[in-house]
$ cat structure-v8.txt   # compact mmCIF, C-alpha atoms and all ligand atoms
# COMPACT_ATOMS: atom_id res chain seq x y z
CA MET O 1 114.90 86.14 120.52
CA LYS O 2 111.13 85.84 120.25
CA LEU O 3 109.07 87.45 117.51
CA PHE O 4 105.34 87.82 118.16
CA LEU O 5 103.48 87.81 114.87
CA ASN O 6 100.59 86.55 112.76
CA ALA O 7 100.41 85.36 109.18
CA THR O 8 98.59 88.34 107.65
CA SER O 9 100.36 91.34 109.16
CA PRO O 10 102.45 93.30 106.65
CA PHE O 11 104.40 94.81 109.55
CA ALA O 12 105.30 91.37 110.88
CA ARG O 13 106.21 90.20 107.39
CA LEU O 14 108.54 93.16 106.96
CA VAL O 15 110.39 92.04 110.09
CA ARG O 16 110.50 88.39 109.05
CA VAL O 17 111.90 89.25 105.65
CA ALA O 18 114.50 91.51 107.27
CA ALA O 19 115.51 88.71 109.65
CA LEU O 20 115.82 86.22 106.78
CA GLU O 21 117.87 88.66 104.72
CA LYS O 22 120.17 89.15 107.73
CA ASN O 23 120.42 85.35 108.17
CA LEU O 24 119.05 85.61 111.69
CA GLN O 25 116.23 83.10 111.35
CA ALA O 26 118.00 80.51 113.52
CA SER O 27 118.04 82.91 116.46
CA LEU O 28 114.38 83.80 116.08
CA GLU O 29 111.57 81.87 117.76
CA LEU O 30 108.24 82.71 116.09
CA VAL O 31 105.34 83.17 118.51
CA TRP O 32 102.09 83.13 116.53
CA CYS O 33 99.32 85.07 118.23
CA ASP O 34 96.17 87.12 117.66
CA PRO O 35 96.63 90.75 118.71
CA TRP O 36 92.93 91.49 118.18
CA ALA O 37 92.06 88.95 120.87
CA ASN O 38 94.50 90.67 123.25
CA ALA O 39 96.53 87.45 123.33
CA ALA O 40 97.73 87.04 126.91
CA GLU O 41 101.27 86.11 125.89
CA LEU O 42 101.52 89.29 123.80
CA LEU O 43 100.07 91.54 126.52
CA ALA O 44 102.55 90.04 128.93
CA VAL O 45 105.43 91.47 126.93
CA HIS O 46 104.03 94.76 125.56
CA PRO O 47 101.04 96.92 126.60
CA GLN O 48 100.20 97.93 123.01
CA ALA O 49 99.02 94.41 122.15
CA ARG O 50 100.02 94.92 118.55
CA ILE O 51 102.29 92.78 116.47
CA PRO O 52 105.12 92.59 115.65
CA VAL O 53 106.96 92.64 118.94
CA LEU O 54 110.51 91.37 119.28
CA VAL O 55 111.76 90.24 122.67
CA THR O 56 115.53 90.38 122.66
CA GLU O 57 117.92 87.95 124.37
CA ASP O 58 118.21 90.36 127.29
CA GLY O 59 114.45 90.66 127.64
CA GLN O 60 113.75 94.00 125.96
CA ALA O 61 110.39 94.08 124.14
CA ILE O 62 110.58 96.19 120.97
CA ALA O 63 107.36 97.06 119.12
CA GLU O 64 107.15 98.84 115.72
CA SER O 65 108.37 97.01 112.64
CA LEU O 66 110.94 99.56 111.50
CA LEU O 67 112.45 99.80 115.00
CA ILE O 68 112.72 96.02 115.11
CA ALA O 69 114.34 96.01 111.66
CA GLN O 70 116.79 98.64 112.89
CA TYR O 71 117.64 96.48 115.90
CA LEU O 72 118.15 93.35 113.77
CA ASP O 73 120.29 95.33 111.34
CA ALA O 74 122.54 96.51 114.17
CA LEU O 75 123.12 92.94 115.42
CA ASP O 76 125.42 92.26 112.47
CA ALA O 77 127.14 94.93 110.46
CA ALA O 78 126.95 92.98 107.23
CA PRO O 79 124.92 92.68 105.16
CA SER O 80 123.40 96.06 105.92
CA LEU O 81 119.70 96.76 105.32
CA VAL O 82 120.51 100.50 105.13
CA PRO O 83 123.96 100.91 103.57
CA ALA O 84 125.47 104.12 104.96
CA SER O 85 126.50 105.39 101.54
CA GLU O 86 122.88 105.51 100.38
CA ALA O 87 121.04 105.88 103.68
CA ALA O 88 118.95 108.93 102.75
CA ALA O 89 117.66 107.41 99.51
CA VAL O 90 116.99 104.03 101.14
CA LEU O 91 115.10 105.60 104.05
CA ALA O 92 113.16 107.93 101.75
CA GLU O 93 111.90 105.00 99.67
CA THR O 94 111.30 102.97 102.83
CA SER O 95 109.01 105.76 104.03
CA LEU O 96 107.04 105.61 100.78
CA GLY O 97 106.56 101.87 101.13
CA TYR O 98 105.75 102.15 104.81
CA GLY O 99 103.16 104.87 104.19
CA LEU O 100 101.52 102.68 101.57
CA MET O 101 101.52 99.76 103.98
CA GLU O 102 99.96 101.80 106.80
CA ALA O 103 97.26 103.27 104.57
CA ALA O 104 96.44 99.85 103.11
CA PHE O 105 96.27 98.29 106.56
CA GLY O 106 94.13 101.17 107.87
CA THR O 107 91.73 100.80 104.95
CA THR O 108 91.49 97.05 105.44
CA ILE O 109 90.74 97.32 109.14
CA ALA O 110 88.29 100.21 108.71
CA ARG O 111 86.39 98.25 106.04
CA LYS O 112 86.34 95.17 108.26
CA HIS O 113 84.70 97.07 111.11
CA GLU O 114 82.63 99.71 109.30
CA GLY O 115 82.13 98.27 105.81
CA ARG O 116 82.73 100.22 102.60
CA ALA O 117 81.27 103.35 104.26
CA ALA O 118 84.68 103.67 105.91
CA ASP O 119 86.11 104.75 102.54
CA GLN O 120 83.75 107.72 102.39
CA GLY O 121 84.82 109.41 105.61
CA LEU O 122 87.59 111.99 105.82
CA MET O 123 90.22 109.48 106.96
CA GLY O 124 89.09 106.88 104.45
CA GLN O 125 89.37 109.38 101.60
CA ARG O 126 92.79 110.52 102.79
CA ARG O 127 94.05 106.94 102.94
CA LEU O 128 92.80 106.16 99.42
CA ALA O 129 94.31 109.37 98.03
CA ALA O 130 97.62 108.70 99.80
CA MET O 131 97.77 105.18 98.35
CA ASP O 132 97.01 106.48 94.87
CA ARG O 133 99.79 109.09 95.09
CA ALA O 134 102.24 106.58 96.58
CA LEU O 135 101.56 103.99 93.86
CA ARG O 136 101.98 106.57 91.10
CA LEU O 137 105.25 107.85 92.56
CA LEU O 138 106.58 104.33 93.13
CA GLU O 139 105.68 103.48 89.53
CA GLN O 140 107.82 106.40 88.32
CA LYS O 141 110.69 105.28 90.52
CA ALA O 142 110.41 101.62 89.56
CA VAL O 143 111.72 102.43 86.08
CA ALA O 144 115.16 102.89 87.64
CA TRP O 145 115.02 99.93 90.03
CA ARG O 146 117.18 96.95 89.38
CA VAL O 147 115.81 93.59 90.30
CA PRO O 148 118.08 92.05 92.91
CA GLU O 149 120.17 89.22 91.59
CA ALA O 150 119.84 85.81 93.19
CA GLY O 151 123.26 86.13 94.84
CA GLN O 152 122.79 89.67 96.11
CA ALA O 153 123.92 89.71 99.74
CA ALA O 154 120.74 91.15 101.20
CA LEU O 155 117.76 93.17 100.21
CA ARG O 156 117.80 96.75 101.45
CA LEU O 157 115.11 98.05 103.78
CA ASP O 158 113.43 100.03 101.01
CA GLN O 159 113.20 96.97 98.75
CA ILE O 160 111.76 94.91 101.61
CA THR O 161 109.24 97.55 102.66
CA VAL O 162 107.99 98.42 99.19
CA ALA O 163 107.72 94.75 98.16
CA VAL O 164 105.79 93.79 101.31
CA ALA O 165 103.53 96.85 100.98
CA LEU O 166 102.70 95.96 97.36
CA GLU O 167 102.13 92.34 98.32
CA TYR O 168 99.74 93.49 101.05
CA VAL O 169 97.82 95.78 98.70
CA GLY O 170 97.51 92.86 96.26
CA PHE O 171 96.38 90.58 99.10
CA ARG O 172 93.78 92.87 100.73
CA LEU O 173 92.94 95.60 98.21
CA PRO O 174 93.59 94.00 94.80
CA GLU O 175 91.28 96.51 93.09
CA LEU O 176 94.00 99.13 93.67
CA LEU O 177 96.45 97.16 91.53
CA PRO O 178 94.55 96.30 88.33
CA ALA O 179 96.67 94.43 85.78
CA GLY O 180 98.60 96.83 83.57
CA ALA O 181 98.03 99.94 85.73
CA TYR O 182 101.57 100.02 87.13
CA PRO O 183 103.67 98.00 84.69
CA GLY O 184 107.03 98.95 86.21
CA LEU O 185 105.98 97.97 89.72
CA GLU O 186 104.30 94.82 88.45
CA ALA O 187 107.46 93.61 86.70
CA TRP O 188 109.67 94.50 89.67
CA LEU O 189 107.38 92.78 92.16
CA GLN O 190 107.12 89.70 89.99
CA ALA O 191 110.91 89.34 90.10
CA MET O 192 111.08 90.17 93.81
CA ARG O 193 108.57 87.42 94.56
CA GLN O 194 111.22 84.85 93.61
CA ARG O 195 113.37 85.95 96.53
CA PRO O 196 113.41 83.11 99.14
CA SER O 197 112.68 85.53 102.02
CA LEU O 198 109.48 86.65 100.29
CA VAL O 199 108.52 83.12 99.25
CA ALA O 200 108.94 81.87 102.84
CA THR O 201 106.78 84.62 104.34
CA ALA O 202 103.88 84.75 101.84
CA PHE O 203 100.58 85.97 103.29
CA ALA O 204 98.27 83.15 104.29
N1 LIG O 301 103.26 100.82 113.37
C1 LIG O 301 103.20 99.44 113.72
C2 LIG O 301 101.87 98.86 113.25
C3 LIG O 301 101.57 97.51 113.91
C4 LIG O 301 100.12 97.08 113.71
O1 LIG O 301 99.23 97.89 113.44
N2 LIG O 301 99.89 95.77 113.82
C5 LIG O 301 98.55 95.24 113.68
C6 LIG O 301 98.56 93.93 112.92
S1 LIG O 301 99.00 94.15 111.24
C7 LIG O 301 97.98 94.92 115.03
O2 LIG O 301 98.60 94.23 115.80
N3 LIG O 301 96.79 95.44 115.30
C8 LIG O 301 96.10 95.19 116.53
C9 LIG O 301 95.55 96.46 117.13
O3 LIG O 301 95.70 97.54 116.51
O4 LIG O 301 95.00 96.38 118.23
C10 LIG O 301 104.40 98.69 113.13
O5 LIG O 301 105.04 99.20 112.21
O6 LIG O 301 104.74 97.60 113.63
$ encode --input "structure-v8.txt" --output "structure tokens"
Amino acid sequence: MKLFLNATSPFARLVRVAALEKNLQASLELVWCDPWANAAELLAVHPQARIPVLVTEDGQAIAESLLIAQYLDALDAAPSLVPASEAAAVLAETSLGYGLMEAAFGTTIARKHEGRAADQGLMGQRRLAAMDRALRLLEQKAVAWRVPEAGQAALRLDQITVAVALEYVGFRLPELLPAGAYPGLEAWLQAMRQRPSLVATAFA
């Protein structure tokens, strides 16, 4: 399988972490590319020209990080990224992390092209408010989160998505995560950062 990606995309990192947690890295060829330059090799496989895209062994090109994660999860039953017994809770928390990731990415790109004025528009304000609400809700939830033990079979999709989203906010919008503002999330993320799949995929 081929995974089209770059080193700063939170969506691509989500997929890479999922693949590592599923022990699929040996079957994954990483194709580094620049979607913003309409990389020819990326356009050749998917018209969206966005990363990540996974091209499967039988030549199907799947875009959208969560769809790719779903595909990888289905390749091997165990370990499961979305254990059936807790699917609703896992997907609900995945959606919180994914929303944070999308809003953070949207803010980053809007600032890159329009400067800080982008934050003042309707969409900019909505993104900032959504991130604030998401961080406060995640902070409440983090009180109950257990840090995965080193031997834990695999991270779940919610753990992967929330951790990558927080890492991305810290990477691109660090002012949204001032030290001490979200102590529960901070402690959880600090422990999650030790996970080899997160170490191996750090933003560069
Ligand atoms: N919803 C998509 C988002 C993918 C996305 O926005 N990728 C960015 C890089 S982080 C991209 O390729 N942007 C190029 C563009 O929008 O033209 C997913 O979950 O995979």
$ residues_near_ligand --input "structure-v8.txt" --ligand "ligand LIG 301 (chain O)" --cutoff "9 Å" --atoms "only C-alpha atoms and all ligand atoms" --output "short mmCIF file (atom, residue, chain, number, x, y, z; two decimals) with C-alpha atoms, in the coordinates of the input"
data_model
loop_
_atom_site.label_atom_id
_atom_site.label_comp_id
_atom_site.auth_asym_id
_atom_site.auth_seq_id
_atom_site.Cartn_x
_atom_site.Cartn_y
_atom_site.Cartn_z
CA LEU O 5 103.48 87.81 114.87
CA ASN O 6 100.59 86.55 112.76
CA THR O 8 98.59 88.34 107.65
CA SER O 9 100.36 91.34 109.16
CA PRO O 10 102.45 93.30 106.65
CA PHE O 11 104.40 94.81 109.55
CA ALA O 12 105.30 91.37 110.88
CA LEU O 14 108.54 93.16 106.96
CA VAL O 15 110.39 92.04 110.09
CA ASP O 34 96.17 87.12 117.66
CA PRO O 35 96.63 90.75 118.71
CA TRP O 36 92.93 91.49 118.18
CA ALA O 37 92.06 88.95 120.87
CA ASN O 38 94.50 90.67 123.25
CA GLN O 48 100.20 97.93 123.01
CA ALA O 49 99.02 94.41 122.15
CA ARG O 50 100.02 94.92 118.55
CA ILE O 51 102.29 92.78 116.47
CA PRO O 52 105.12 92.59 115.65
CA VAL O 53 106.96 92.64 118.94
CA ALA O 63 107.36 97.06 119.12
CA GLU O 64 107.15 98.84 115.72
CA SER O 65 108.37 97.01 112.64
CA LEU O 66 110.94 99.56 111.50
CA LEU O 67 112.45 99.80 115.00
CA ILE O 68 112.72 96.02 115.11
CA TYR O 98 105.75 102.15 104.81
CA MET O 101 101.52 99.76 103.98
CA GLU O 102 99.96 101.80 106.80
CA PHE O 105 96.27 98.29 106.56
CA GLY O 106 94.13 101.17 107.87
CA ILE O 109 90.74 97.32 109.14
#
$ closest_residue --input "structure-v8.txt" --among "O:Ala7, O:Ala165, O:Val45, O:Ala104" --to "Gly59 (chain O)" --atoms "all atoms listed in the file"
O:Val45
$ atom_distance --input "structure-v8.txt" --atom1 "CA of Ala187 (chain O)" --atom2 "CA of Thr94 (chain O)"
19.0 Å
$ closest_residue --input "structure-v8.txt" --among "O:Ser85, O:Thr201, O:Gln70, O:Gln190" --to "Arg13 (chain O)" --atoms "all atoms listed in the file"
O:Thr201
$ closest_residue --input "structure-v8.txt" --among "O:Val164, O:Val55, O:Leu100, O:Ala134" --to "Ser197 (chain O)" --atoms "only C-alpha atoms"
O:Val164
$ atom_distance --input "structure-v8.txt" --atom1 "CA of Phe171 (chain O)" --atom2 "CA of Met131 (chain O)"
14.7 Å
$ atom_distance --input "structure-v8.txt" --atom1 "CA of Val90 (chain O)" --atom2 "CA of Asp158 (chain O)"
5.4 Å
$ closest_residue --input "structure-v8.txt" --among "O:Arg156, O:Glu149, O:Pro178, O:Thr161" --to "Glu86 (chain O)" --atoms "all atoms listed in the file"
O:Arg156
$ residues_around --input "structure-v8.txt" --residues "Lys141 (chain O)" --least-positions-apart "4" --cutoff "9 Å" --atoms "only C-alpha atoms" --output "number ranges by chain"
O: 136-137, 145, 184-185
$ closest_residue --input "structure-v8.txt" --among "O:Pro183, O:Leu189, O:Ala154, O:Lys22" --to "Tyr71 (chain O)" --atoms "all atoms listed in the file"
O:Lys22
$ closest_residue --input "structure-v8.txt" --among "O:Glu57, O:Gly99, O:Ala44, O:Ala18" --to "Lys2 (chain O)" --atoms "all atoms listed in the file"
O:Glu57
$ residues_around --input "structure-v8.txt" --residues "Met1 (chain O)" --least-positions-apart "6" --cutoff "8 Å" --atoms "all atoms listed in the file" --output "ChimeraX atom specification"
/O:27-29,54-57
$ residues_near_point --input "structure-v8.txt" --point "(113.4, 92.3, 86.7)" --cutoff "7 Å" --atoms "all atoms listed in the file" --output "number ranges by chain"
O: 146-147, 187-188, 191
$ build_atoms --input "structure-v8.txt" --residues "region 167-189 of chain O" --atoms "N, CA, C and O atoms" --output "short mmCIF file (atom, residue, chain, number, x, y, z; two decimals), in the frame of the given file"
data_model
loop_
_atom_site.label_atom_id
_atom_site.label_comp_id
_atom_site.auth_asym_id
_atom_site.auth_seq_id
_atom_site.Cartn_x
_atom_site.Cartn_y
_atom_site.Cartn_z
N GLU O 167 102.73 93.66 98.10
CA GLU O 167 102.13 92.34 98.32
C GLU O 167 100.86 92.47 99.16
O GLU O 167 99.86 91.80 98.91
N TYR O 168 100.90 93.33 100.17
CA TYR O 168 99.74 93.49 101.05
C TYR O 168 98.59 94.15 100.30
O TYR O 168 97.43 93.73 100.45
N VAL O 169 98.89 95.15 99.49
CA VAL O 169 97.82 95.78 98.70
C VAL O 169 97.20 94.72 97.78
O VAL O 169 95.97 94.61 97.68
N GLY O 170 98.03 93.91 97.14
CA GLY O 170 97.51 92.86 96.26
C GLY O 170 96.67 91.84 97.02
O GLY O 170 95.69 91.30 96.50
N PHE O 171 97.05 91.58 98.26
CA PHE O 171 96.38 90.58 99.10
C PHE O 171 95.03 91.09 99.60
O PHE O 171 94.02 90.39 99.55
N ARG O 172 94.99 92.34 100.08
CA ARG O 172 93.78 92.87 100.73
C ARG O 172 92.96 93.83 99.87
O ARG O 172 91.76 93.95 100.06
N LEU O 173 93.64 94.58 99.00
CA LEU O 173 92.94 95.60 98.21
C LEU O 173 93.31 95.45 96.73
O LEU O 173 93.81 96.40 96.10
N PRO O 174 93.09 94.26 96.16
CA PRO O 174 93.59 94.00 94.80
C PRO O 174 93.03 94.97 93.76
O PRO O 174 93.65 95.19 92.72
N GLU O 175 91.87 95.57 94.05
CA GLU O 175 91.28 96.51 93.09
C GLU O 175 92.16 97.74 92.90
O GLU O 175 92.02 98.46 91.90
N LEU O 176 93.10 97.97 93.82
CA LEU O 176 94.00 99.13 93.67
C LEU O 176 95.18 98.82 92.75
O LEU O 176 95.93 99.72 92.41
N LEU O 177 95.33 97.55 92.40
CA LEU O 177 96.45 97.16 91.53
C LEU O 177 95.93 96.40 90.31
O LEU O 177 96.31 95.25 90.09
N PRO O 178 95.06 97.03 89.50
CA PRO O 178 94.55 96.30 88.33
C PRO O 178 95.69 95.99 87.36
O PRO O 178 96.64 96.78 87.25
N ALA O 179 95.60 94.84 86.70
CA ALA O 179 96.67 94.43 85.78
C ALA O 179 96.94 95.54 84.77
O ALA O 179 96.03 96.12 84.20
N GLY O 180 98.20 95.86 84.59
CA GLY O 180 98.60 96.83 83.57
C GLY O 180 98.62 98.28 84.05
O GLY O 180 99.12 99.16 83.36
N ALA O 181 98.10 98.55 85.26
CA ALA O 181 98.03 99.94 85.73
C ALA O 181 99.40 100.47 86.12
O ALA O 181 99.69 101.66 85.94
N TYR O 182 100.23 99.61 86.67
CA TYR O 182 101.57 100.02 87.13
C TYR O 182 102.58 98.99 86.59
O TYR O 182 103.09 98.16 87.34
N PRO O 183 102.87 99.06 85.30
CA PRO O 183 103.67 98.00 84.69
C PRO O 183 105.08 97.86 85.27
O PRO O 183 105.60 96.75 85.41
N GLY O 184 105.68 99.00 85.64
CA GLY O 184 107.03 98.95 86.21
C GLY O 184 107.03 98.24 87.55
O GLY O 184 107.87 97.36 87.81
N LEU O 185 106.08 98.60 88.39
CA LEU O 185 105.98 97.97 89.72
C LEU O 185 105.63 96.49 89.58
O LEU O 185 106.15 95.64 90.31
N GLU O 186 104.75 96.20 88.65
CA GLU O 186 104.30 94.82 88.45
C GLU O 186 105.49 93.93 88.09
O GLU O 186 105.68 92.85 88.67
N ALA O 187 106.32 94.41 87.15
CA ALA O 187 107.46 93.61 86.70
C ALA O 187 108.48 93.46 87.83
O ALA O 187 109.04 92.37 88.05
N TRP O 188 108.71 94.54 88.55
CA TRP O 188 109.67 94.50 89.67
C TRP O 188 109.21 93.53 90.74
O TRP O 188 109.96 92.68 91.22
N LEU O 189 107.91 93.63 91.10
CA LEU O 189 107.38 92.78 92.16
C LEU O 189 107.40 91.30 91.75
O LEU O 189 107.71 90.42 92.55
#
